[in-house]
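Participant: Data: protein-v8.pdb, PDB, C-alpha atoms.
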MODEL        1
ATOM      1  CA  MET A   1     -19.393  11.030  18.443
ATOM      2  CA  SER A   2     -18.548   9.829  14.965
ATOM      3  CA  LYS A   3     -15.496   8.457  13.177
ATOM      4  CA  ALA A   4     -13.805  10.715  10.617
ATOM      5  CA  ILE A   5     -10.524  11.250   8.814
ATOM      6  CA  GLN A   6      -8.536  14.291   9.958
ATOM      7  CA  ILE A   7      -5.136  15.699   9.050
ATOM      8  CA  PHE A   8      -2.999  17.628  11.507
ATOM      9  CA  ASP A   9      -0.106  18.163   9.064
ATOM     10  CA  ASN A  10       0.242  18.177   5.276
ATOM     11  CA  GLY A  11       2.066  15.297   3.636
ATOM     12  CA  GLY A  12       1.655  11.786   2.268
ATOM     13  CA  PRO A  13      -1.201   9.333   2.843
ATOM     14  CA  GLU A  14       0.196   8.545   6.285
ATOM     15  CA  VAL A  15      -0.878  11.956   7.677
ATOM     16  CA  MET A  16      -4.556  10.954   7.558
ATOM     17  CA  GLN A  17      -5.819   9.833  10.957
ATOM     18  CA  PHE A  18      -9.014   7.908  11.740
ATOM     19  CA  VAL A  19     -10.319   9.689  14.843
ATOM     20  CA  ASP A  20     -13.418  10.343  16.928
ATOM     21  CA  VAL A  21     -15.092  13.706  16.271
ATOM     22  CA  ASP A  22     -18.088  15.521  17.683
ATOM     23  CA  VAL A  23     -21.062  15.987  15.364
ATOM     24  CA  PRO A  24     -22.809  19.190  16.448
ATOM     25  CA  VAL A  25     -26.554  19.678  16.419
ATOM     26  CA  PRO A  26     -27.375  21.543  13.182
ATOM     27  CA  ALA A  27     -27.720  25.307  13.562
ATOM     28  CA  ALA A  28     -29.968  27.419  11.349
ATOM     29  CA  GLY A  29     -29.408  26.541   7.701
ATOM     30  CA  GLU A  30     -27.573  23.302   8.515
ATOM     31  CA  ILE A  31     -28.323  19.585   8.409
ATOM     32  CA  THR A  32     -26.702  16.407   9.730
ATOM     33  CA  VAL A  33     -26.126  13.653   7.159
ATOM     34  CA  ARG A  34     -25.318  10.003   7.888
ATOM     35  CA  HIS A  35     -23.065   8.963   5.025
ATOM     36  CA  GLU A  36     -23.702   5.733   3.143
ATOM     37  CA  SER A  37     -21.022   6.248   0.498
ATOM     38  CA  ILE A  38     -18.161   8.744   0.059
ATOM     39  CA  GLY A  39     -16.392   9.752  -3.144
ATOM     40  CA  LEU A  40     -12.599   9.988  -3.473
ATOM     41  CA  ASN A  41     -11.141  12.527  -5.905
ATOM     42  CA  PHE A  42      -7.728  13.888  -6.821
ATOM     43  CA  ILE A  43      -8.630  17.243  -5.304
ATOM     44  CA  ASP A  44      -8.549  15.441  -1.930
ATOM     45  CA  VAL A  45      -4.852  14.769  -2.545
ATOM     46  CA  TYR A  46      -4.257  18.477  -3.227
ATOM     47  CA  TYR A  47      -5.742  19.369   0.160
ATOM     48  CA  ARG A  48      -3.849  16.569   1.922
ATOM     49  CA  THR A  49      -0.483  17.644   0.510
ATOM     50  CA  GLY A  50      -1.100  21.352   1.029
ATOM     51  CA  LEU A  51      -1.168  22.310  -2.657
ATOM     52  CA  TYR A  52      -4.623  23.668  -1.827
ATOM     53  CA  LYS A  53      -4.474  25.478   1.506
ATOM     54  CA  GLN A  54      -6.785  25.061   4.485
ATOM     55  CA  ALA A  55      -6.438  25.657   8.198
ATOM     56  CA  LEU A  56      -5.262  22.598  10.148
ATOM     57  CA  PRO A  57      -6.411  20.358  11.696
ATOM     58  CA  ALA A  58      -8.966  19.685   8.987
ATOM     59  CA  GLY A  59     -11.118  17.086   7.331
ATOM     60  CA  LEU A  60     -10.867  15.826   3.771
ATOM     61  CA  GLY A  61     -13.350  14.828   1.096
ATOM     62  CA  MET A  62     -15.707  16.811  -1.113
ATOM     63  CA  GLU A  63     -18.618  14.512  -1.913
ATOM     64  CA  ALA A  64     -20.855  11.919  -0.327
ATOM     65  CA  ALA A  65     -24.346  10.467  -0.323
ATOM     66  CA  GLY A  66     -26.489   9.461   2.612
ATOM     67  CA  VAL A  67     -29.579  10.102   4.723
ATOM     68  CA  VAL A  68     -30.608  13.282   6.541
ATOM     69  CA  GLU A  69     -30.639  12.698  10.325
ATOM     70  CA  ALA A  70     -31.392  16.197  11.609
ATOM     71  CA  VAL A  71     -32.439  19.558  10.161
ATOM     72  CA  GLY A  72     -31.727  23.046  11.473
ATOM     73  CA  GLU A  73     -34.080  26.021  11.498
ATOM     74  CA  GLY A  74     -35.023  27.431   8.117
ATOM     75  CA  VAL A  75     -34.169  24.366   6.030
ATOM     76  CA  THR A  76     -37.108  23.494   3.782
ATOM     77  CA  HIS A  77     -35.751  21.732   0.686
ATOM     78  CA  VAL A  78     -34.836  18.506   2.555
ATOM     79  CA  ALA A  79     -36.293  16.729   5.594
ATOM     80  CA  VAL A  80     -35.239  14.061   8.076
ATOM     81  CA  GLY A  81     -35.125  10.703   6.312
ATOM     82  CA  ASP A  82     -34.483  12.121   2.821
ATOM     83  CA  ARG A  83     -31.848  10.508   0.631
ATOM     84  CA  VAL A  84     -29.349  13.200  -0.370
ATOM     85  CA  ALA A  85     -25.977  13.809  -2.006
ATOM     86  CA  TYR A  86     -23.566  16.710  -2.284
ATOM     87  CA  ALA A  87     -20.253  17.982  -3.630
ATOM     88  CA  CYS A  88     -19.017  21.087  -1.865
ATOM     89  CA  LEU A  89     -16.454  22.983   0.181
ATOM     90  CA  PRO A  90     -15.159  22.961   2.835
ATOM     91  CA  PRO A  91     -13.675  19.446   2.867
ATOM     92  CA  GLY A  92     -15.065  17.049   5.444
ATOM     93  CA  ALA A  93     -16.886  14.224   3.653
ATOM     94  CA  TYR A  94     -14.476  11.561   4.960
ATOM     95  CA  ALA A  95     -16.721  10.890   7.953
ATOM     96  CA  GLU A  96     -19.473   8.586   9.135
ATOM     97  CA  ARG A  97     -21.716  11.568   9.918
ATOM     98  CA  ARG A  98     -21.395  15.278   9.240
ATOM     99  CA  THR A  99     -23.191  18.518  10.101
ATOM    100  CA  MET A 100     -22.924  20.932   7.188
ATOM    101  CA  PRO A 101     -24.629  23.789   5.307
ATOM    102  CA  ALA A 102     -27.869  22.573   3.755
ATOM    103  CA  GLU A 103     -27.581  24.866   0.736
ATOM    104  CA  TYR A 104     -25.147  22.492  -0.991
ATOM    105  CA  VAL A 105     -27.186  19.329  -0.450
ATOM    106  CA  LEU A 106     -29.424  17.891  -3.160
ATOM    107  CA  LYS A 107     -32.303  15.462  -2.775
ATOM    108  CA  LEU A 108     -31.629  12.254  -4.701
ATOM    109  CA  PRO A 109     -34.135  10.826  -7.183
ATOM    110  CA  ALA A 110     -35.351   7.403  -6.030
ATOM    111  CA  SER A 111     -33.737   5.710  -9.038
ATOM    112  CA  ILE A 112     -30.181   6.809  -8.164
ATOM    113  CA  GLU A 113     -28.325   4.623  -5.649
ATOM    114  CA  PHE A 114     -26.018   5.986  -2.944
ATOM    115  CA  ASP A 115     -22.869   4.551  -4.570
ATOM    116  CA  THR A 116     -23.808   6.042  -7.937
ATOM    117  CA  ALA A 117     -24.392   9.445  -6.382
ATOM    118  CA  ALA A 118     -21.142   9.398  -4.384
ATOM    119  CA  ALA A 119     -19.236   8.462  -7.526
ATOM    120  CA  MET A 120     -20.943  11.093  -9.674
ATOM    121  CA  MET A 121     -21.597  14.298  -7.763
ATOM    122  CA  LEU A 122     -18.174  15.948  -8.026
ATOM    123  CA  GLN A 123     -17.037  14.202 -11.183
ATOM    124  CA  GLY A 124     -20.394  14.323 -12.959
ATOM    125  CA  LEU A 125     -21.014  17.977 -12.133
ATOM    126  CA  THR A 126     -17.468  18.675 -13.330
ATOM    127  CA  VAL A 127     -18.217  17.164 -16.741
ATOM    128  CA  GLN A 128     -21.496  19.065 -16.816
ATOM    129  CA  TYR A 129     -19.839  22.461 -16.484
ATOM    130  CA  LEU A 130     -16.931  21.512 -18.778
ATOM    131  CA  PHE A 131     -19.177  20.318 -21.616
ATOM    132  CA  ARG A 132     -22.299  22.438 -21.153
ATOM    133  CA  GLN A 133     -20.882  25.752 -19.852
ATOM    134  CA  THR A 134     -17.109  26.303 -20.122
ATOM    135  CA  PHE A 135     -17.056  25.334 -23.794
ATOM    136  CA  VAL A 136     -20.529  24.394 -25.014
ATOM    137  CA  LEU A 137     -20.098  21.278 -27.145
ATOM    138  CA  GLN A 138     -22.177  20.590 -30.214
ATOM    139  CA  GLY A 139     -22.703  17.367 -32.144
ATOM    140  CA  GLY A 140     -19.897  16.969 -34.652
ATOM    141  CA  ASP A 141     -17.228  18.673 -32.506
ATOM    142  CA  THR A 142     -13.893  16.943 -31.936
ATOM    143  CA  ILE A 143     -12.213  17.378 -28.545
ATOM    144  CA  LEU A 144      -9.080  16.256 -26.696
ATOM    145  CA  PHE A 145      -9.583  14.997 -23.142
ATOM    146  CA  HIS A 146      -6.643  13.937 -20.979
ATOM    147  CA  ALA A 147      -6.845  11.024 -18.497
ATOM    148  CA  ALA A 148      -9.778   9.518 -20.377
ATOM    149  CA  ALA A 149      -9.857   6.331 -18.266
ATOM    150  CA  GLY A 150     -10.083   8.116 -14.906
ATOM    151  CA  GLY A 151     -13.265   8.802 -12.978
ATOM    152  CA  VAL A 152     -13.991  12.120 -14.697
ATOM    153  CA  GLY A 153     -12.675  10.785 -18.007
ATOM    154  CA  LEU A 154     -15.025   7.806 -18.242
ATOM    155  CA  ILE A 155     -18.001  10.054 -17.496
ATOM    156  CA  ALA A 156     -16.752  12.424 -20.202
ATOM    157  CA  CYS A 157     -16.457   9.530 -22.661
ATOM    158  CA  GLN A 158     -20.113   8.661 -22.185
ATOM    159  CA  TRP A 159     -21.393  12.218 -22.172
ATOM    160  CA  ALA A 160     -19.421  13.047 -25.327
ATOM    161  CA  ARG A 161     -20.937  10.022 -27.077
ATOM    162  CA  ALA A 162     -24.428  11.098 -25.986
ATOM    163  CA  LEU A 163     -23.809  14.564 -27.483
ATOM    164  CA  GLY A 164     -22.477  13.192 -30.767
ATOM    165  CA  VAL A 165     -18.979  14.528 -30.035
ATOM    166  CA  THR A 166     -15.810  12.869 -31.302
ATOM    167  CA  MET A 167     -13.557  12.466 -28.254
ATOM    168  CA  ILE A 168      -9.815  11.910 -28.468
ATOM    169  CA  GLY A 169      -8.639  10.645 -25.085
ATOM    170  CA  THR A 170      -5.142  10.221 -23.675
ATOM    171  CA  VAL A 171      -4.390   7.210 -21.461
ATOM    172  CA  GLY A 172      -1.348   5.552 -19.896
ATOM    173  CA  SER A 173      -1.757   1.961 -21.082
ATOM    174  CA  ASP A 174      -3.355  -0.171 -23.767
ATOM    175  CA  GLU A 175      -5.737  -1.575 -21.147
ATOM    176  CA  LYS A 176      -6.909   1.917 -20.237
ATOM    177  CA  ALA A 177      -7.281   2.707 -23.947
ATOM    178  CA  ALA A 178      -9.618  -0.256 -24.394
ATOM    179  CA  LEU A 179     -11.650   0.806 -21.361
ATOM    180  CA  ALA A 180     -12.009   4.387 -22.598
ATOM    181  CA  ARG A 181     -13.163   3.182 -26.028
ATOM    182  CA  LYS A 182     -15.668   0.848 -24.366
ATOM    183  CA  TYR A 183     -17.184   3.852 -22.590
ATOM    184  CA  GLY A 184     -17.471   5.956 -25.744
ATOM    185  CA  CYS A 185     -14.077   7.521 -26.489
ATOM    186  CA  THR A 186     -13.683   7.598 -30.295
ATOM    187  CA  HIS A 187      -9.869   7.687 -30.476
ATOM    188  CA  THR A 188      -7.291   6.945 -27.788
ATOM    189  CA  ILE A 189      -3.641   7.972 -27.498
ATOM    190  CA  ASN A 190      -1.268   6.067 -25.222
ATOM    191  CA  TYR A 191       0.992   8.908 -24.097
ATOM    192  CA  LYS A 192       3.697   6.437 -23.050
ATOM    193  CA  THR A 193       4.175   5.082 -26.576
ATOM    194  CA  GLU A 194       2.664   7.739 -28.880
ATOM    195  CA  ASN A 195       3.264  11.440 -29.488
ATOM    196  CA  ILE A 196       0.119  13.285 -28.423
ATOM    197  CA  VAL A 197       0.479  16.267 -30.764
ATOM    198  CA  GLU A 198       1.343  14.167 -33.819
ATOM    199  CA  ARG A 199      -1.588  11.816 -33.238
ATOM    200  CA  VAL A 200      -4.079  14.652 -32.730
ATOM    201  CA  LYS A 201      -2.895  16.320 -35.947
ATOM    202  CA  GLU A 202      -3.209  12.985 -37.743
ATOM    203  CA  ILE A 203      -6.743  12.369 -36.456
ATOM    204  CA  THR A 204      -7.887  15.917 -37.302
ATOM    205  CA  ASP A 205      -6.145  16.144 -40.710
ATOM    206  CA  GLY A 206      -3.773  18.762 -39.327
ATOM    207  CA  LYS A 207      -6.515  21.120 -38.099
ATOM    208  CA  GLY A 208      -6.227  20.557 -34.370
ATOM    209  CA  VAL A 209      -9.160  20.651 -31.967
ATOM    210  CA  PRO A 210     -11.277  23.610 -30.802
ATOM    211  CA  VAL A 211     -10.940  22.665 -27.112
ATOM    212  CA  VAL A 212      -8.665  20.621 -24.854
ATOM    213  CA  TYR A 213      -9.778  19.501 -21.384
ATOM    214  CA  ASP A 214      -6.659  18.982 -19.260
ATOM    215  CA  SER A 215      -6.642  17.793 -15.638
ATOM    216  CA  VAL A 216      -3.016  16.605 -15.749
ATOM    217  CA  GLY A 217      -1.366  20.020 -15.525
ATOM    218  CA  LYS A 218       2.403  20.511 -15.784
ATOM    219  CA  ASP A 219       3.264  17.446 -17.894
ATOM    220  CA  THR A 220       0.714  18.046 -20.662
ATOM    221  CA  PHE A 221       0.235  21.818 -20.752
ATOM    222  CA  TYR A 222       2.321  22.668 -23.824
ATOM    223  CA  ASP A 223       1.245  19.554 -25.712
ATOM    224  CA  SER A 224      -2.331  20.648 -25.060
ATOM    225  CA  LEU A 225      -1.668  24.102 -26.494
ATOM    226  CA  ASP A 226      -0.020  22.560 -29.557
ATOM    227  CA  CYS A 227      -3.124  20.426 -30.207
ATOM    228  CA  LEU A 228      -5.443  23.437 -30.444
ATOM    229  CA  ALA A 229      -6.740  24.985 -33.638
ATOM    230  CA  PRO A 230      -6.433  28.792 -33.964
ATOM    231  CA  LEU A 231      -8.770  30.542 -31.502
ATOM    232  CA  GLY A 232      -9.042  27.268 -29.575
ATOM    233  CA  MET A 233      -9.628  27.038 -25.833
ATOM    234  CA  MET A 234      -7.365  25.343 -23.300
ATOM    235  CA  VAL A 235      -9.423  24.242 -20.273
ATOM    236  CA  SER A 236      -7.011  23.459 -17.444
ATOM    237  CA  PHE A 237      -9.082  21.978 -14.617
ATOM    238  CA  GLY A 238      -6.573  19.966 -12.579
ATOM    239  CA  ASN A 239      -2.955  19.428 -11.593
ATOM    240  CA  ALA A 240      -2.420  15.659 -11.300
ATOM    241  CA  SER A 241       1.230  15.988 -12.425
ATOM    242  CA  GLY A 242       1.801  19.287 -10.602
ATOM    243  CA  PRO A 243       0.701  22.880 -11.168
ATOM    244  CA  VAL A 244       1.305  24.556 -14.525
ATOM    245  CA  PRO A 245       4.360  26.836 -14.197
ATOM    246  CA  PRO A 246       4.161  30.523 -15.140
ATOM    247  CA  PHE A 247       4.195  31.138 -18.898
ATOM    248  CA  SER A 248       4.282  34.093 -21.260
ATOM    249  CA  LEU A 249       1.062  35.189 -22.946
ATOM    250  CA  SER A 250       3.041  35.234 -26.199
ATOM    251  CA  GLU A 251       2.785  31.412 -26.075
ATOM    252  CA  LEU A 252      -0.928  31.846 -26.805
ATOM    253  CA  ALA A 253      -0.436  34.420 -29.536
ATOM    254  CA  SER A 254       2.160  32.367 -31.415
ATOM    255  CA  ARG A 255      -0.158  29.359 -31.543
ATOM    256  CA  GLY A 256      -3.123  31.186 -33.046
ATOM    257  CA  SER A 257      -4.605  33.587 -30.478
ATOM    258  CA  LEU A 258      -5.613  30.861 -28.046
ATOM    259  CA  PHE A 259      -7.796  31.142 -24.955
ATOM    260  CA  VAL A 260      -6.938  29.622 -21.549
ATOM    261  CA  THR A 261      -9.259  29.164 -18.577
ATOM    262  CA  ARG A 262      -8.765  27.600 -15.146
ATOM    263  CA  PRO A 263     -12.317  26.783 -14.012
ATOM    264  CA  THR A 264     -13.581  25.210 -10.794
ATOM    265  CA  LEU A 265     -16.869  23.528 -10.056
ATOM    266  CA  PHE A 266     -17.547  25.869  -7.160
ATOM    267  CA  SER A 267     -17.418  28.960  -9.371
ATOM    268  CA  TYR A 268     -20.023  27.471 -11.698
ATOM    269  CA  ALA A 269     -22.224  26.160  -8.858
ATOM    270  CA  ARG A 270     -21.902  29.325  -6.774
ATOM    271  CA  THR A 271     -25.651  29.820  -6.236
ATOM    272  CA  ARG A 272     -28.399  27.401  -5.277
ATOM    273  CA  GLU A 273     -30.204  28.107  -8.553
ATOM    274  CA  ARG A 274     -27.132  27.275 -10.645
ATOM    275  CA  LEU A 275     -26.393  24.136  -8.602
ATOM    276  CA  GLU A 276     -29.938  22.831  -8.991
ATOM    277  CA  ARG A 277     -29.861  23.470 -12.744
ATOM    278  CA  MET A 278     -26.560  21.608 -13.119
ATOM    279  CA  ALA A 279     -27.756  18.721 -10.946
ATOM    280  CA  ALA A 280     -30.964  18.390 -12.963
ATOM    281  CA  ASP A 281     -28.867  17.994 -16.115
ATOM    282  CA  LEU A 282     -26.669  15.386 -14.408
ATOM    283  CA  PHE A 283     -29.577  13.440 -12.907
ATOM    284  CA  ASP A 284     -31.249  13.391 -16.331
ATOM    285  CA  VAL A 285     -28.309  11.703 -18.076
ATOM    286  CA  LEU A 286     -28.056   9.239 -15.183
ATOM    287  CA  GLU A 287     -31.744   8.338 -15.165
ATOM    288  CA  THR A 288     -31.887   7.960 -18.946
ATOM    289  CA  GLY A 289     -28.876   5.624 -18.859
ATOM    290  CA  LYS A 290     -26.690   7.784 -21.098
ATOM    291  CA  VAL A 291     -24.047   8.032 -18.375
ATOM    292  CA  ALA A 292     -23.145   5.707 -15.505
ATOM    293  CA  PRO A 293     -20.109   5.646 -13.229
ATOM    294  CA  MET A 294     -17.547   2.875 -13.468
ATOM    295  CA  ILE A 295     -16.758   2.137  -9.832
ATOM    296  CA  SER A 296     -13.406   0.363  -9.808
ATOM    297  CA  ALA A 297     -12.804  -0.009  -6.074
ATOM    298  CA  ARG A 298     -14.372   0.389  -2.655
ATOM    299  CA  TYR A 299     -12.278   0.899   0.485
ATOM    300  CA  SER A 300     -13.323   1.134   4.103
ATOM    301  CA  LEU A 301     -13.008   4.663   5.447
ATOM    302  CA  SER A 302     -10.345   3.480   7.886
ATOM    303  CA  ASP A 303      -8.228   2.253   4.934
ATOM    304  CA  VAL A 304      -8.211   5.615   3.160
ATOM    305  CA  ALA A 305      -4.393   5.742   3.059
ATOM    306  CA  SER A 306      -4.344   2.751   0.705
ATOM    307  CA  ALA A 307      -6.995   4.376  -1.468
ATOM    308  CA  HIS A 308      -4.930   7.580  -1.766
ATOM    309  CA  ALA A 309      -1.754   5.652  -2.566
ATOM    310  CA  ASP A 310      -3.497   3.737  -5.347
ATOM    311  CA  LEU A 311      -5.025   6.917  -6.766
ATOM    312  CA  GLU A 312      -1.697   8.762  -6.820
ATOM    313  CA  SER A 313       0.065   5.841  -8.514
ATOM    314  CA  ARG A 314      -2.237   6.349 -11.543
ATOM    315  CA  ALA A 315      -2.966   2.623 -11.364
ATOM    316  CA  THR A 316      -6.688   3.215 -10.885
ATOM    317  CA  THR A 317      -9.472   3.589 -13.414
ATOM    318  CA  GLY A 318     -12.967   4.963 -12.984
ATOM    319  CA  SER A 319     -14.309   6.057  -9.615
ATOM    320  CA  ILE A 320     -13.167   5.062  -6.116
ATOM    321  CA  LEU A 321     -15.499   4.992  -3.118
ATOM    322  CA  LEU A 322     -14.958   4.984   0.648
ATOM    323  CA  LYS A 323     -17.466   3.094   2.780
ATOM    324  CA  PRO A 324     -18.133   4.278   6.367
TER     325      PRO A 324
ENDMDL
END
Would you give me this structure, written as structure tokens?
Facilitator:
Amino acid sequence: MSKAIQIFDNGGPEVMQFVDVDVPVPAAGEITVRHESIGLNFIDVYYRTGLYKQALPAGLGMEAAGVVEAVGEGVTHVAVGDRVAYACLPPGAYAERRTMPAEYVLKLPASIEFDTAAAMMLQGLTVQYLFRQTFVLQGGDTILFHAAAGGVGLIACQWARALGVTMIGTVGSDEKAALARKYGCTHTINYKTENIVERVKEITDGKGVPVVYDSVGKDTFYDSLDCLAPLGMMVSFGNASGPVPPFSLSELASRGSLFVTRPTLFSYARTRERLERMAADLFDVLETGKVAPMISARYSLSDVASAHADLESRATTGSILLKP
């Protein structure tokens, strides 16, 4: 038996229950991992509330780091005792131990600690595909990135600086603005006191930006479009304020023949080869010190409701971890 978080209904943080679960012996292609550190992400909230559907009862959590305890038939890329990390579907990382498909699990370099890996797998791989695949950034580019002081945002700040990219980041307070600038964001916009579109036009001499990365969703969608230069790309990769409502394609035409994409990590990392290539890029920027997570809080797994409440309040910065 092992302790894990399960939900039997969708709803607020209170629906998460800390229960005993069976951990099956790994079948062919599976492994059992003992978690040392678990990452918390806003996508976990989407599954908890039912915005993203899954059959109930169900687990939560998309990423973790730990040690391999058992290996099923046919698994060759990891062995018992290996240090590993992952970010994958289906949810279920909120657990002390877990049996899962081995194809999503990556062996950790010795220099990368469990907490670093748990704070970086989902968020770091997200920045990798956003910056190196969805819209391939080049030195000298100027971008707009919403929620620049969040877990993904602070990784983006650092990675943008490493690429020589000018990053304009939106934040919700002066304190978060200072933090984002500390981590490499060139310009910050406090959306509570400043007009996002006006400030972006001011910073870019009226040109707008070639790409906007938006994980906020409903509240920022049209501002994001209005910040784009003609032929610019809107990258909508999250819904922290709620899903973007239906809109007419003429909204894109009238603003300069814009592009819109709604990417997910799991589309980009859909094969083992692609996942390993993305992870190699991420591990490289971690090992060279160009990027490091800012871990703002650690909660015990049994106190996950408090962690979710703090995340949803937008009071948090950086990455949040759960400790088994």
Participant: If the PyMOL selection byres ((chain A and resi 85) around 8) were run on this exact file, what residues would it hold? Put them as a PyMOL selection string.
Facilitator: chain A and resi 63-66+83-84+86-87+105-108+114+117-118+121
Participant: Counting only C-alpha atoms, which residue out of A:Gly12, A:Gly29, A:Gly139, A:Gly184 sits closest to Val291 in chain A?
Facilitator: A:Gly184
Participant: Padding 3 Å on every side, please: axis-aligned box over the listed atoms of range 80-85 of chain A, centre and edge lengths to one decimal in Å, as lines of an AutoDock Vina configuration file.
Facilitator:
center_x = -30.6
center_y = 12.3
center_z = 3.0
size_x = 15.3
size_y = 9.6
size_z = 16.1
Participant: Once the PyMOL selection byres ((chain A and resi 158-173) around 9) has been applied to the shown file, what residues remain in the selection, as a PyMOL selection string?
Facilitator: chain A and resi 127-128+131+137-150+153-157+174-178+180-181+183-193+196+200+203+285+290-292+314
Participant: Please write as a ChimeraX atom specification the full residue list that the PyMOL selection byres ((chain A and resi 269-281) around 9) yields on this file.
Facilitator: /A:103-104,106,121,124-125,128-129,264-268,282-286
Participant: Residues near Arg262 in chain A, anyone? I mean within 9 Å using all atoms listed in the file, not counting same-chain ones fewer than 3 positions away, as a ChimeraX atom specification.
Facilitator: /A:234-238
Participant: CA of Thr288 in chain A and CA of Gly39 in chain A are how many Å apart?
Facilitator: 22.2 Å
Participant: Report the distance between CA of Met100 in chain A and CA of Arg298 in chain A in Å, rounded to one decimal place.
Facilitator: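 These two atoms are separated by 24.3 Å.
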Participant: List the neighbours of Leu249 in chain A out to 10 Å using all atoms listed in the file; skip same-chain residues closer than 4 positions along the sequence, and give me the result as an MDAnalysis selection string.
Facilitator: chainID A and resid 253:254 257:260
Participant: Write the selection just made, keeping C-alpha atoms, as a PDB file, in the coordinates of the input?
Facilitator:
ATOM      1  CA  ALA A 253      -0.436  34.420 -29.536  1.00  0.00           C
ATOM      2  CA  SER A 254       2.160  32.367 -31.415  1.00  0.00           C
ATOM      3  CA  SER A 257      -4.605  33.587 -30.478  1.00  0.00           C
ATOM      4  CA  LEU A 258      -5.613  30.861 -28.046  1.00  0.00           C
ATOM      5  CA  PHE A 259      -7.796  31.142 -24.955  1.00  0.00           C
ATOM      6  CA  VAL A 260      -6.938  29.622 -21.549  1.00  0.00           C
TER       7      VAL A 260
END
Participant: Between A:Ala119, A:Ile38, A:Leu225, A:Ala305, which has the minimum distance to Phe247 in chain A (counting only C-alpha atoms)?
Facilitator: A:Leu225
Participant: Can you tell me which residues surround range 219-222 of chain A at a distance of at most 8 Å, considering only C-alpha atoms, apart from same-chain residues fewer than 4 positions away, and format the answer as a list in words?
Facilitator: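 Final neighbour list, sorted by chain and number: Asp214, Asp226, Ser241, Gly242 and Val244 of chain A.
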Participant: Which one is closest to Phe42 in chain A: A:Ser296, A:Thr261, A:Ser248, A:Asn239? Count only C-alpha atoms.
Facilitator: A:Asn239
Participant: Compare A:Ser2, A:Thr316, A:Thr126, A:Ser306 by their minimum atom-to-atom distance to Ala95 in chain A, counting all atoms listed in the file, and give me the closest one.
Facilitator: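 Closest to Ala95 in chain A, using all atoms listed in the file: A:Ser2.
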Participant: Do you have the CA of Pro26 in chain A-CA of Thr99 in chain A distance handy?
Facilitator: 6.0 Å
Participant: Could you tell me which of A:Val71, A:Leu321, A:Leu228, A:Ala79 comes closest to Leu301 in chain A if we count only C-alpha atoms?
Facilitator: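 Residue with the minimum atom-to-atom distance to Leu301 in chain A: A:Leu321.
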Participant: Which neighbours of Glu14 in chain A fall inside 12 Å, counting all atoms listed in the file, when residues of the same chain fewer than 6 positions from it are skipped, and could you give them as a short mmCIF file (atom, residue, chain, number, x, y, z; two decimals) with C-alpha atoms, keeping the file's coordinate frame?
Facilitator:
data_model
loop_
_atom_site.label_atom_id
_atom_site.label_comp_id
_atom_site.auth_asym_id
_atom_site.auth_seq_id
_atom_site.Cartn_x
_atom_site.Cartn_y
_atom_site.Cartn_z
CA ILE A 5 -10.52 11.25 8.81
CA GLN A 6 -8.54 14.29 9.96
CA ILE A 7 -5.14 15.70 9.05
CA PHE A 8 -3.00 17.63 11.51
CA VAL A 45 -4.85 14.77 -2.54
CA ARG A 48 -3.85 16.57 1.92
CA THR A 49 -0.48 17.64 0.51
CA SER A 302 -10.34 3.48 7.89
CA ASP A 303 -8.23 2.25 4.93
CA VAL A 304 -8.21 5.62 3.16
CA ALA A 305 -4.39 5.74 3.06
CA SER A 306 -4.34 2.75 0.70
CA ALA A 307 -7.00 4.38 -1.47
CA HIS A 308 -4.93 7.58 -1.77
CA ALA A 309 -1.75 5.65 -2.57
#
